[in-house]
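Chemist: My file is model_31.txt. It has compact mmCIF, C-alpha atoms:
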```
# COMPACT_ATOMS: atom_id res chain seq x y z
CA MET A 677 17.90 -14.43 -2.98
CA THR A 678 16.10 -17.16 -1.05
CA ASP A 679 12.76 -18.11 -2.52
CA VAL A 680 9.82 -16.87 -0.44
CA PRO A 681 6.44 -18.64 -0.56
CA ALA A 682 3.67 -16.86 -2.44
CA ARG A 683 1.47 -16.95 0.66
CA PHE A 684 1.71 -17.50 4.40
CA ASP A 685 1.08 -20.76 6.23
CA SER A 686 -2.59 -21.72 6.31
CA ALA A 687 -2.72 -21.15 10.08
CA VAL A 688 -2.28 -17.43 9.42
CA TYR A 689 -5.38 -17.36 7.24
CA ALA A 690 -7.36 -19.49 9.69
CA HIS A 691 -6.65 -16.91 12.39
CA ARG A 692 -7.64 -14.04 10.08
CA LEU A 693 -10.92 -15.69 9.10
CA THR A 694 -11.81 -16.25 12.75
CA ALA A 695 -10.97 -12.65 13.61
CA ALA A 696 -12.99 -11.40 10.63
CA ALA A 697 -16.06 -13.42 11.70
CA GLN A 698 -15.78 -12.15 15.26
CA ALA A 699 -15.45 -8.54 14.09
CA THR A 700 -18.42 -9.04 11.77
CA ALA A 701 -20.59 -10.33 14.61
CA ALA A 702 -19.47 -7.48 16.87
CA ALA A 703 -20.50 -5.00 14.17
CA GLY A 704 -24.00 -6.49 14.02
CA LEU A 705 -23.59 -7.67 10.44
CA ALA A 706 -24.93 -10.86 8.91
CA GLY A 707 -21.62 -11.62 7.25
CA LEU A 708 -18.97 -10.59 4.76
CA VAL A 709 -19.00 -11.13 1.00
CA ILE A 710 -15.48 -10.74 -0.36
CA THR A 711 -14.78 -10.74 -4.10
CA PRO A 712 -11.23 -10.92 -5.52
CA GLY A 713 -8.87 -8.15 -4.50
CA TYR A 714 -6.63 -7.28 -1.59
CA ASP A 715 -9.21 -8.28 1.04
CA LEU A 716 -9.54 -11.77 -0.43
CA ARG A 717 -5.78 -12.07 -0.63
CA TYR A 718 -5.52 -11.03 3.02
CA LEU A 719 -8.10 -13.57 4.18
CA LEU A 720 -7.13 -16.54 1.98
CA GLY A 721 -3.90 -15.80 0.14
CA SER A 722 -5.92 -15.98 -3.09
CA ARG A 723 -4.86 -14.15 -6.21
CA ALA A 724 -8.07 -14.93 -8.09
CA GLN A 725 -9.29 -12.17 -10.38
CA THR A 726 -12.68 -10.58 -10.82
CA PHE A 727 -14.59 -11.45 -13.98
CA GLU A 728 -18.20 -11.17 -15.08
CA ARG A 729 -18.88 -14.46 -13.29
CA LEU A 730 -19.06 -14.12 -9.50
CA THR A 731 -16.29 -15.47 -7.29
CA ALA A 732 -16.83 -14.65 -3.61
CA LEU A 733 -15.77 -15.71 -0.15
CA VAL A 734 -18.74 -15.69 2.22
CA VAL A 735 -17.90 -15.27 5.91
CA PRO A 736 -21.08 -15.43 8.03
CA ALA A 737 -21.09 -13.87 11.47
CA SER A 738 -21.81 -17.35 12.78
CA GLY A 739 -20.86 -20.57 11.03
CA PRO A 740 -18.15 -21.74 8.63
CA PRO A 741 -17.03 -19.72 5.60
CA THR A 742 -17.95 -20.76 2.07
CA MET A 743 -16.37 -20.09 -1.30
CA VAL A 744 -18.72 -19.48 -4.23
CA VAL A 745 -16.90 -19.89 -7.53
CA PRO A 746 -17.76 -20.65 -11.16
CA THR A 747 -16.56 -24.11 -12.13
CA LEU A 748 -14.28 -22.79 -14.85
CA GLU A 749 -12.55 -20.49 -12.29
CA ARG A 750 -12.05 -23.19 -9.64
CA PRO A 751 -8.37 -23.71 -10.64
CA ALA A 752 -7.66 -20.10 -9.61
CA LEU A 753 -8.13 -21.18 -5.99
CA ALA A 754 -5.44 -23.87 -6.18
CA ASP A 755 -2.71 -21.64 -4.73
CA SER A 756 -4.89 -20.26 -1.93
CA ALA A 757 -5.48 -21.68 1.56
CA VAL A 758 -8.99 -22.88 0.66
CA ALA A 759 -8.14 -26.58 0.46
CA GLU A 760 -5.89 -26.62 3.52
CA LEU A 761 -8.58 -24.93 5.59
CA ALA A 762 -11.24 -27.35 4.30
CA ILE A 763 -13.47 -24.45 3.27
CA THR A 764 -16.64 -25.59 1.54
CA VAL A 765 -16.62 -24.65 -2.13
CA HIS A 766 -19.92 -24.17 -3.94
CA GLU A 767 -19.29 -24.31 -7.67
CA TRP A 768 -21.76 -22.96 -10.19
CA VAL A 769 -22.13 -23.01 -13.93
CA ASP A 770 -23.69 -20.63 -16.43
CA GLY A 771 -27.46 -20.58 -16.02
CA GLU A 772 -27.34 -20.90 -12.22
CA ASP A 773 -27.76 -18.00 -9.80
CA PRO A 774 -24.55 -17.45 -7.81
CA TYR A 775 -26.11 -14.66 -5.77
CA ALA A 776 -28.66 -17.10 -4.38
CA LEU A 777 -25.73 -19.30 -3.36
CA VAL A 778 -24.22 -16.38 -1.48
CA ALA A 779 -27.50 -15.68 0.29
CA ALA A 780 -27.76 -19.33 1.30
CA ALA A 781 -24.17 -19.40 2.52
CA LEU A 782 -24.93 -16.48 4.83
CA GLY A 783 -27.45 -18.78 6.50
CA GLY A 784 -29.85 -16.02 7.39
CA GLY A 785 -27.33 -14.32 9.66
CA THR A 786 -28.62 -11.72 12.07
CA ASP A 787 -32.30 -11.22 11.36
CA GLY A 788 -32.68 -8.19 9.12
CA ALA A 789 -29.02 -7.23 9.44
CA PRO A 790 -27.10 -6.17 6.35
CA SER A 791 -24.12 -7.99 4.98
CA ALA A 792 -20.90 -6.19 4.21
CA VAL A 793 -19.05 -6.29 0.90
CA THR A 794 -15.47 -5.47 -0.01
CA ASP A 795 -14.95 -2.03 -1.53
CA ALA A 796 -13.43 -3.74 -4.59
CA MET A 797 -16.71 -5.46 -5.54
CA PRO A 798 -17.80 -4.40 -9.04
CA ALA A 799 -21.25 -2.91 -9.45
CA LEU A 800 -22.14 -5.74 -11.84
CA HIS A 801 -22.05 -8.05 -8.79
CA LEU A 802 -23.13 -5.62 -6.09
CA LEU A 803 -26.53 -4.81 -7.58
CA PRO A 804 -27.78 -8.37 -8.16
CA LEU A 805 -26.36 -9.39 -4.78
CA ALA A 806 -28.39 -6.65 -3.10
CA ASP A 807 -31.52 -8.00 -4.82
CA ALA A 808 -30.76 -11.54 -3.64
CA LEU A 809 -30.14 -10.48 -0.05
CA GLY A 810 -33.15 -8.20 0.20
CA VAL A 811 -31.12 -5.81 2.36
CA ALA A 812 -28.73 -3.28 0.88
CA PRO A 813 -25.13 -4.30 1.68
CA VAL A 814 -22.73 -1.98 3.47
CA LEU A 815 -18.98 -1.69 3.06
CA ALA A 816 -16.79 -4.20 4.86
CA THR A 817 -14.01 -1.63 5.12
CA PRO A 818 -14.74 -0.60 8.74
CA VAL A 819 -14.49 -4.26 9.77
CA LEU A 820 -11.50 -5.35 7.72
CA ARG A 821 -9.40 -2.22 8.10
CA GLU A 822 -9.12 -2.86 11.84
CA LEU A 823 -7.55 -6.21 11.02
CA ARG A 824 -5.41 -5.16 8.08
CA MET A 825 -4.00 -2.04 9.75
CA ILE A 826 -2.22 -4.04 12.46
CA LYS A 827 0.48 -6.10 10.79
CA ASP A 828 1.39 -9.43 12.38
CA PRO A 829 5.06 -10.45 12.73
CA ALA A 830 5.07 -12.29 9.39
CA GLU A 831 3.73 -9.21 7.62
CA VAL A 832 6.27 -6.94 9.30
CA GLU A 833 9.06 -9.27 8.22
CA ALA A 834 7.77 -9.15 4.63
CA LEU A 835 7.76 -5.35 4.78
CA ARG A 836 11.31 -5.40 6.13
CA ARG A 837 12.41 -7.49 3.16
CA ALA A 838 10.64 -5.08 0.82
CA GLY A 839 12.30 -2.09 2.47
CA ALA A 840 15.76 -3.62 2.24
CA ALA A 841 15.18 -4.54 -1.41
CA ILE A 842 14.18 -1.04 -2.44
CA ASP A 843 17.10 0.40 -0.48
CA ARG A 844 19.41 -1.69 -2.67
CA VAL A 845 17.75 -0.20 -5.73
CA HIS A 846 18.21 3.34 -4.44
CA ALA A 847 21.87 2.56 -3.82
CA ALA A 848 22.20 1.95 -7.55
CA VAL A 849 20.24 5.03 -8.67
CA PRO A 850 23.06 7.63 -8.53
CA ALA A 851 24.97 5.83 -11.30
CA MET A 852 21.85 6.04 -13.48
CA LEU A 853 21.34 9.79 -13.12
CA ILE A 854 23.60 11.09 -15.86
CA ALA A 855 23.05 14.38 -17.64
CA GLY A 856 21.97 13.66 -21.21
CA ARG A 857 19.84 10.62 -20.34
CA THR A 858 16.04 10.84 -20.32
CA GLU A 859 13.79 10.19 -17.35
CA ALA A 860 12.33 7.24 -19.26
CA GLU A 861 15.75 5.68 -19.76
CA VAL A 862 16.50 5.99 -16.05
CA ALA A 863 13.07 4.55 -15.19
CA ALA A 864 13.73 1.51 -17.40
CA ASP A 865 16.97 0.83 -15.55
CA ILE A 866 15.21 1.21 -12.23
CA ALA A 867 12.46 -1.19 -13.30
CA ALA A 868 15.06 -3.85 -14.07
CA ALA A 869 16.81 -3.25 -10.75
CA ILE A 870 13.54 -3.50 -8.81
CA VAL A 871 13.01 -7.02 -10.15
CA ALA A 872 16.68 -7.97 -9.81
CA GLU A 873 16.61 -7.03 -6.15
CA GLY A 874 13.75 -9.36 -5.28
CA HIS A 875 10.47 -7.65 -6.17
CA THR A 876 8.03 -9.55 -8.35
CA GLU A 877 7.46 -6.42 -10.45
CA PRO A 878 7.68 -2.64 -10.27
CA ALA A 879 4.48 -1.15 -8.84
CA PHE A 880 5.40 2.43 -9.72
CA ILE A 881 8.41 4.47 -10.78
CA ILE A 882 8.64 8.24 -10.52
CA VAL A 883 11.66 9.99 -11.98
CA GLY A 884 10.86 13.69 -11.76
CA SER A 885 13.70 15.90 -12.93
CA GLY A 886 13.83 19.68 -12.72
CA PRO A 887 10.33 21.16 -13.10
CA ASN A 888 8.81 17.67 -13.34
CA GLY A 889 9.80 17.11 -9.71
CA ALA A 890 7.21 19.71 -8.75
CA ASP A 891 4.46 17.25 -9.76
CA PRO A 892 4.11 14.75 -6.88
CA HIS A 893 2.55 12.13 -9.18
CA HIS A 894 4.73 12.64 -12.23
CA GLU A 895 5.92 9.28 -13.56
CA CYS A 896 8.60 9.73 -16.22
CA SER A 897 8.95 11.42 -19.58
CA ASP A 898 11.36 12.01 -22.42
CA ARG A 899 12.78 15.04 -20.64
CA VAL A 900 16.57 14.98 -20.74
CA LEU A 901 18.35 15.23 -17.41
CA GLN A 902 20.52 18.33 -17.11
CA THR A 903 23.32 19.46 -14.84
CA GLY A 904 21.74 21.42 -12.01
CA ASP A 905 18.55 19.33 -11.93
CA VAL A 906 17.00 18.22 -8.66
CA VAL A 907 15.54 14.74 -9.29
CA VAL A 908 12.81 13.06 -7.26
CA VAL A 909 12.95 9.25 -7.42
CA ASP A 910 9.95 7.52 -5.82
CA ILE A 911 9.89 3.76 -6.39
CA GLY A 912 8.42 0.54 -5.05
CA GLY A 913 6.95 -2.85 -5.72
CA PRO A 914 5.76 -6.06 -4.07
CA VAL A 915 7.87 -8.85 -2.63
CA GLU A 916 6.35 -12.22 -1.88
CA PRO A 917 3.85 -12.80 -0.46
CA GLY A 918 2.69 -9.49 -1.94
CA TYR A 919 3.89 -6.82 0.51
CA HIS A 920 5.09 -3.53 -0.92
CA SER A 921 8.07 -1.25 -0.69
CA ASP A 922 7.75 2.50 -1.22
CA CYS A 923 10.70 4.84 -0.80
CA THR A 924 11.58 8.28 -2.11
CA ARG A 925 14.97 9.95 -2.23
CA THR A 926 15.88 13.21 -3.93
CA TYR A 927 19.10 13.70 -5.87
CA SER A 928 20.96 16.65 -7.36
CA ILE A 929 22.89 16.45 -10.60
CA GLY A 930 25.77 18.68 -9.62
CA GLU A 931 25.97 20.90 -6.57
CA PRO A 932 22.63 22.55 -5.72
CA ASP A 933 22.44 26.29 -5.28
CA ALA A 934 22.18 27.72 -1.77
CA ASP A 935 18.40 28.23 -1.86
CA VAL A 936 17.75 24.63 -2.93
CA ALA A 937 20.12 23.33 -0.25
CA HIS A 938 18.44 25.44 2.46
CA ARG A 939 14.91 24.46 1.53
CA TYR A 940 15.88 20.81 1.34
CA SER A 941 17.42 21.01 4.81
CA VAL A 942 14.08 22.24 6.16
CA LEU A 943 12.31 19.33 4.46
CA LEU A 944 14.79 16.94 6.05
CA ASP A 945 14.03 18.42 9.47
CA ALA A 946 10.30 17.98 8.79
CA GLN A 947 10.69 14.32 7.86
CA ARG A 948 12.82 13.63 10.92
CA ALA A 949 10.31 15.38 13.17
CA ALA A 950 7.46 13.26 11.84
CA VAL A 951 9.33 9.98 12.30
CA ALA A 952 10.32 11.03 15.82
CA ALA A 953 6.67 11.71 16.64
CA VAL A 954 5.57 8.13 15.86
CA ARG A 955 4.59 6.07 18.89
CA PRO A 956 1.52 4.20 20.13
CA GLY A 957 -1.33 6.37 21.31
CA VAL A 958 -0.61 9.50 19.28
CA SER A 959 -3.06 10.39 16.53
CA ALA A 960 -2.44 9.98 12.83
CA GLU A 961 -3.06 13.69 12.35
CA HIS A 962 -0.32 14.42 14.89
CA ILE A 963 2.25 12.83 12.55
CA ASP A 964 1.03 15.04 9.73
CA ALA A 965 1.24 18.11 11.95
CA ALA A 966 4.75 17.24 13.11
CA ALA A 967 6.06 17.49 9.55
CA ARG A 968 3.79 20.30 8.41
CA ASP A 969 4.56 22.59 11.36
CA VAL A 970 8.28 22.55 10.56
CA LEU A 971 7.60 23.60 6.99
CA ILE A 972 5.05 26.25 8.00
CA GLU A 973 7.48 27.79 10.48
CA ALA A 974 10.05 28.09 7.70
CA GLY A 975 7.53 29.68 5.33
CA LEU A 976 7.25 26.57 3.15
CA GLY A 977 3.87 25.24 4.31
CA GLU A 978 2.03 26.26 1.15
CA PHE A 979 4.40 24.11 -0.92
CA PHE A 980 3.51 20.90 0.96
CA VAL A 981 0.37 19.87 -0.91
CA HIS A 982 -0.40 16.31 0.19
CA ARG A 983 -0.80 14.23 3.34
CA THR A 984 2.29 13.13 5.23
CA GLY A 985 1.75 9.40 4.83
CA HIS A 986 -0.32 6.37 3.93
CA GLY A 987 -0.56 2.83 5.24
CA ILE A 988 1.11 0.08 3.25
CA GLY A 989 0.91 -3.69 3.02
CA LEU A 990 -0.74 -5.80 0.34
CA SER A 991 -1.79 -2.49 -1.20
CA VAL A 992 0.61 0.40 -1.76
CA HIS A 993 -1.99 2.79 -0.31
CA GLU A 994 -4.20 1.59 2.54
CA GLU A 995 -5.16 2.74 6.00
CA PRO A 996 -4.03 4.36 8.22
CA TYR A 997 -3.50 7.75 6.58
CA MET A 998 -1.35 10.44 8.21
CA VAL A 999 -3.55 13.40 7.41
CA ALA A 1000 -5.19 16.34 9.17
CA GLY A 1001 -8.53 15.34 10.67
CA ASN A 1002 -7.64 11.69 11.21
CA GLU A 1003 -7.91 11.20 14.96
CA LEU A 1004 -7.12 7.49 14.81
CA SER A 1005 -4.69 6.49 17.57
CA LEU A 1006 -1.60 4.72 16.34
CA ALA A 1007 -0.96 1.20 17.62
CA ALA A 1008 1.99 -1.16 17.51
CA GLY A 1009 2.07 -3.06 14.22
CA MET A 1010 0.76 -0.25 12.04
CA ALA A 1011 2.93 0.39 8.99
CA PHE A 1012 2.89 3.57 6.93
CA SER A 1013 4.96 6.03 4.96
CA VAL A 1014 6.35 9.30 6.30
CA GLU A 1015 6.87 11.43 3.19
CA PRO A 1016 6.68 15.21 3.40
CA GLY A 1017 7.50 17.01 0.19
CA ILE A 1018 7.92 20.54 -1.14
CA TYR A 1019 6.95 21.48 -4.69
CA PHE A 1020 7.70 24.69 -6.58
CA PRO A 1021 5.72 24.69 -9.84
CA GLY A 1022 7.84 25.22 -12.93
CA GLN A 1023 11.05 24.94 -10.91
CA TRP A 1024 11.77 21.83 -8.83
CA GLY A 1025 10.48 19.61 -6.07
CA ALA A 1026 11.74 17.28 -3.36
CA ARG A 1027 10.35 14.49 -1.21
CA ILE A 1028 11.82 12.23 1.47
CA GLU A 1029 9.97 9.00 2.22
CA ASP A 1030 10.51 6.07 4.55
CA ILE A 1031 8.19 3.27 5.57
CA VAL A 1032 7.96 2.92 9.35
CA VAL A 1033 6.37 0.35 11.62
CA VAL A 1034 4.95 1.44 14.97
CA THR A 1035 6.66 -0.41 17.83
CA ASP A 1036 5.77 -0.50 21.53
CA THR A 1037 7.96 2.55 22.13
CA GLY A 1038 8.28 4.43 18.84
CA ALA A 1039 8.98 3.71 15.19
CA GLU A 1040 11.11 1.23 13.28
CA PRO A 1041 12.15 2.75 9.95
CA LEU A 1042 12.32 0.12 7.21
CA ASN A 1043 14.43 2.26 4.86
CA ARG A 1044 18.04 2.98 5.74
CA ARG A 1045 19.46 4.91 2.79
CA PRO A 1046 20.86 8.38 3.57
CA HIS A 1047 18.27 11.14 3.61
CA ASP A 1048 20.49 14.04 2.56
CA LEU A 1049 20.20 15.60 -0.88
CA LEU A 1050 22.65 13.30 -2.65
CA VAL A 1051 24.83 15.03 -5.21
CA VAL A 1052 25.63 12.87 -8.24
```
Turn the structure described in the file into structure tokens.
Modeler:
Amino acid sequence: MTDVPARFDSAVYAHRLTAAAQATAAAGLAGLVITPGYDLRYLLGSRAQTFERLTALVVPASGPPTMVVPTLERPALADSAVAELAITVHEWVDGEDPYALVAAALGGGTDGAPSAVTDAMPALHLLPLADALGVAPVLATPVLRELRMIKDPAEVEALRRAGAAIDRVHAAVPAMLIAGRTEAEVAADIAAAIVAEGHTEPAFIIVGSGPNGADPHHECSDRVLQTGDVVVVDIGGPVEPGYHSDCTRTYSIGEPDADVAHRYSVLLDAQRAAVAAVRPGVSAEHIDAAARDVLIEAGLGEFFVHRTGHGIGLSVHEEPYMVAGNELSLAAGMAFSVEPGIYFPGQWGARIEDIVVVTDTGAEPLNRRPHDLLVV
């Protein structure tokens, strides 16, 4: 597989920083303070980690951004876009007050206006920062989610690569599902395949056989696969530069009985209905309803116990969420899962999941493996 850079071109991050500053000003905020996490990776391509010493990107509503970093953590910025964008870096050493540096980098901002912090900021930094600013910070999520929800072409291409990679893994799964093997043994094989097919690591692996399939967040266990089991396999991971796959298919070890086959066919109709409902301008809750209504009509609504989908990108779960009550209008460039499931405690479960990207006219599914209950 062709090597893919660990981050985008610096021009991508320059555009994002400008958009973030403009959105911050429009929200009436003094600026953003972004500690390591997905938001920092989005804005700078940085994979720096959070420690007890403060590292933070400061984006004032007006003026250039600044990076505040302890001297001993400066090397962690080497792979980011900081140098290429000529961002000022204020280093500090033990005994200095990094929170005062952040306050100074905000330059006063809007008089009396709060600053916004990433939701990943630890309390050990949030509380002293609030003291230094003199105004309690607010969450930056409302500002940044508007940017992160709409994927640019480079992000969509990364998600396409991730979708194709996890499809190749699913193509290999049937040969792994052999009666007499444990879920854990199958999961280990899947983990190796996830990396072999181009992911940097497995983010999660669910192998839920028989009654374990009725737990949507089951991972894997020492349960031995048996003939007659329905097996839920939900897997994913990041591909460079950090964008995730997430795809679920359900398998049957041997021919399923008539009731299982019928209920699965209803689930398949529900998933298809939800994908077909995706287009710009419809609400997120409409996608949830499209799947849920099919299951309710068939008397299976009570067995669908989670939302229909979640956004995906640098994080496996991010906005937008396809859930009742979310009136957000979908827009081209949004990427999210469509994954209705049915779960019968103590018996079996099933889920069908694709990642889709909203286009100008509908949805582009990023997963192409067959959706039928595959008999192995």
Chemist: Go through range 807-841 of chain A and flag each residue having an atom no more than 12 Å from range 1019-1035 of chain A; for those, report the closest pair of atoms plus their distance in Å to one decimal, using all atoms listed in the file, ordered by chain and rising number, as CSV.
Modeler:
```
residue,atom,partner,partner_atom,distance
A:Met825,CA,A:Val1033,CA,10.8
A:Ile826,CA,A:Val1034,CA,9.4
A:Lys827,CA,A:Val1033,CA,8.8
A:Asp828,CA,A:Val1033,CA,11.0
A:Pro829,CA,A:Val1033,CA,10.9
A:Glu831,CA,A:Val1033,CA,10.7
A:Val832,CA,A:Val1033,CA,7.7
A:Glu833,CA,A:Val1033,CA,10.6
A:Ala834,CA,A:Val1033,CA,11.9
A:Leu835,CA,A:Ile1031,CA,8.7
A:Arg836,CA,A:Ile1031,CA,9.2
A:Arg837,CA,A:Ile1031,CA,11.8
A:Ala838,CA,A:Ile1031,CA,9.9
A:Gly839,CA,A:Ile1031,CA,7.4
A:Ala840,CA,A:Ile1031,CA,10.8
```
Chemist: Include C-alpha atoms and write out the residues we just selected as a JSON list (two decimals), in the frame of the given file.
Modeler:
```
[["chain", "number", "residue", "atom", "x", "y", "z"],
["A", 825, "MET", "CA", -4.00, -2.04, 9.75],
["A", 826, "ILE", "CA", -2.22, -4.04, 12.46],
["A", 827, "LYS", "CA", 0.48, -6.10, 10.79],
["A", 828, "ASP", "CA", 1.39, -9.43, 12.38],
["A", 829, "PRO", "CA", 5.06, -10.45, 12.73],
["A", 831, "GLU", "CA", 3.73, -9.21, 7.62],
["A", 832, "VAL", "CA", 6.27, -6.94, 9.30],
["A", 833, "GLU", "CA", 9.06, -9.27, 8.22],
["A", 834, "ALA", "CA", 7.77, -9.15, 4.63],
["A", 835, "LEU", "CA", 7.76, -5.35, 4.78],
["A", 836, "ARG", "CA", 11.31, -5.40, 6.13],
["A", 837, "ARG", "CA", 12.41, -7.49, 3.16],
["A", 838, "ALA", "CA", 10.64, -5.08, 0.82],
["A", 839, "GLY", "CA", 12.30, -2.09, 2.47],
["A", 840, "ALA", "CA", 15.76, -3.62, 2.24]]
```
Chemist: Quick one: axis-aligned box around all listed atoms of range 789-796 of chain A, 6 Å on every side, centre and edge lengths in Å to one decimal, written as JSON.
Modeler:
```
{"center_x": -21.2, "center_y": -5.0, "center_z": 2.4, "size_x": 27.6, "size_y": 18.0, "size_z": 26.0}
```
Chemist: What gap, in Å, lies between CA of Ala864 in chain A and CA of Cys896 in chain A?
Modeler: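 Separation between CA of Ala864 in chain A and CA of Cys896 in chain A: 9.8 Å.
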Chemist: Applying 8 Å and only C-alpha atoms, which residues near His986 in chain A remain after dropping the ones on its own chain fewer than 6 positions away? List them as a short mmCIF file (atom, residue, chain, number, x, y, z; two decimals) with C-alpha atoms, in the frame of the given file.
Modeler:
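Wrote it out as result.cif, contents follow:
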```
data_model
loop_
_atom_site.label_atom_id
_atom_site.label_comp_id
_atom_site.auth_asym_id
_atom_site.auth_seq_id
_atom_site.Cartn_x
_atom_site.Cartn_y
_atom_site.Cartn_z
CA HIS A 993 -1.99 2.79 -0.31
CA GLU A 994 -4.20 1.59 2.54
CA GLU A 995 -5.16 2.74 6.00
CA PRO A 996 -4.03 4.36 8.22
CA TYR A 997 -3.50 7.75 6.58
CA MET A 998 -1.35 10.44 8.21
CA PHE A 1012 2.89 3.57 6.93
CA SER A 1013 4.96 6.03 4.96
CA VAL A 1014 6.35 9.30 6.30
#
```
Chemist: With a distance cut-off of 9 Å and only C-alpha atoms, select the neighbouring residues of range 849-851 of chain A, excluding the residue or stretch itself and same-chain residues fewer than 3 positions from it, and output the selection as a PyMOL selection string.
Modeler: chain A and resi 845-846+854+862+865-866+909+927+1050-1052
Chemist: Rank A:Leu777, A:Ala867, A:Ile710, A:Val765 by their smallest atom-to-atom distance to Met797 in chain A, using only C-alpha atoms, and report the top residue only.
Modeler: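 Ranked by minimum distance to Met797 in chain A, first place goes to A:Ile710.
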Chemist: Any idea what the distance is between CA of Thr817 in chain A and CA of Pro798 in chain A?
Modeler: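 Those two atoms sit 14.9 Å apart.
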Chemist: Given only C-alpha atoms as the basis, pick out the residue of A:Gly957, A:Pro774, A:Gly904, A:Gly912 nearest to Glu931 in chain A.
Modeler: A:Gly904
Chemist: Give the answer as one residue: which of A:Ala816, A:Cys923, A:Ala848, A:Val688 has the shortest atom-to-atom distance to Asp715 in chain A, using all atoms listed in the file?
Modeler: A:Ala816
Chemist: In Å to one decimal, how far is CA of Glu916 in chain A from CA of Pro681 in chain A?
Modeler: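 Rounded to one decimal, the two atoms are 6.6 Å apart.
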Chemist: If we count all atoms listed in the file and set the cut-off at 9 Å, which residues sit around range 976-981 of chain A, ignoring sequence neighbours fewer than 5 positions away in its own chain? Please answer as a list in words.
Modeler: Pro892, Arg939, Val942, Leu943, Arg968, Asp969, Val970, Leu971, Pro1016, Gly1017, Ile1018, Tyr1019 and Phe1020 of chain A
Chemist: Which residue gives the smallest distance to Gly721 in chain A among A:Thr926, A:Ser756, A:Gln902, A:Thr858, with all atoms listed in the file counted?
Modeler: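 When distances to Gly721 in chain A are compared using all atoms listed in the file, the smallest one comes from A:Ser756.
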Chemist: Please identify all polymer residues within 12 Å of His691 in chain A, counting only C-alpha atoms, omitting same-chain residues fewer than 3 positions from it, and present them as number ranges by chain.
Modeler: A: 684-688, 694-698, 718-720, 757, 761, 823, 828
Chemist: Kindly indicate which residue among A:Val900, A:Ala1039, A:Val992, A:Ala974 lies nearest to Ser941 in chain A, using all atoms listed in the file for the distances.
Modeler: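 With all atoms listed in the file as the atom set, the closest residue is A:Ala974.
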Chemist: Give the answer as one residue: which of A:Ala690, A:Ala869, A:Ile882, A:Val735 has the shortest atom-to-atom distance to Ala762 in chain A, using all atoms listed in the file?
Modeler: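 The closest residue to Ala762 in chain A is A:Ala690.
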Chemist: Residues within 8 Å of Leu1006 in chain A, please, as a PyMOL selection string. Count all atoms listed in the file; anything in the same chain fewer than 4 positions from it doesn't count.
Modeler: chain A and resi 954-960+1010+1034
Chemist: Since the input lacks some atoms of range 1003-1012 of chain A, please model N, CA, C and O atoms and print them as a CSV table (one decimal), keeping the file's coordinate frame.
Modeler:
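Saved to rebuild-v9.csv:
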```csv
chain,number,residue,atom,x,y,z
A,1003,GLU,N,-8.2,11.3,13.5
A,1003,GLU,CA,-7.9,11.2,15.0
A,1003,GLU,C,-7.6,9.8,15.4
A,1003,GLU,O,-7.4,9.5,16.6
A,1004,LEU,N,-7.5,8.9,14.5
A,1004,LEU,CA,-7.1,7.5,14.8
A,1004,LEU,C,-5.8,7.4,15.6
A,1004,LEU,O,-4.8,8.1,15.3
A,1005,SER,N,-5.9,6.7,16.7
A,1005,SER,CA,-4.7,6.5,17.6
A,1005,SER,C,-3.8,5.4,17.0
A,1005,SER,O,-4.3,4.3,16.6
A,1006,LEU,N,-2.5,5.7,16.9
A,1006,LEU,CA,-1.6,4.7,16.3
A,1006,LEU,C,-1.4,3.6,17.3
A,1006,LEU,O,-1.5,3.8,18.5
A,1007,ALA,N,-1.2,2.4,16.8
A,1007,ALA,CA,-1.0,1.2,17.6
A,1007,ALA,C,0.2,0.4,17.1
A,1007,ALA,O,0.5,0.5,15.9
A,1008,ALA,N,0.9,-0.3,17.9
A,1008,ALA,CA,2.0,-1.2,17.5
A,1008,ALA,C,1.6,-2.1,16.4
A,1008,ALA,O,0.5,-2.7,16.5
A,1009,GLY,N,2.4,-2.2,15.4
A,1009,GLY,CA,2.1,-3.1,14.2
A,1009,GLY,C,1.6,-2.3,13.0
A,1009,GLY,O,1.6,-2.8,11.9
A,1010,MET,N,1.2,-1.0,13.2
A,1010,MET,CA,0.8,-0.2,12.0
A,1010,MET,C,2.0,0.1,11.2
A,1010,MET,O,3.1,0.4,11.8
A,1011,ALA,N,1.8,0.1,9.9
A,1011,ALA,CA,2.9,0.4,9.0
A,1011,ALA,C,2.5,1.4,8.0
A,1011,ALA,O,1.4,1.3,7.4
A,1012,PHE,N,3.3,2.5,7.8
A,1012,PHE,CA,2.9,3.6,6.9
A,1012,PHE,C,4.1,4.4,6.5
A,1012,PHE,O,5.2,4.2,7.1
```
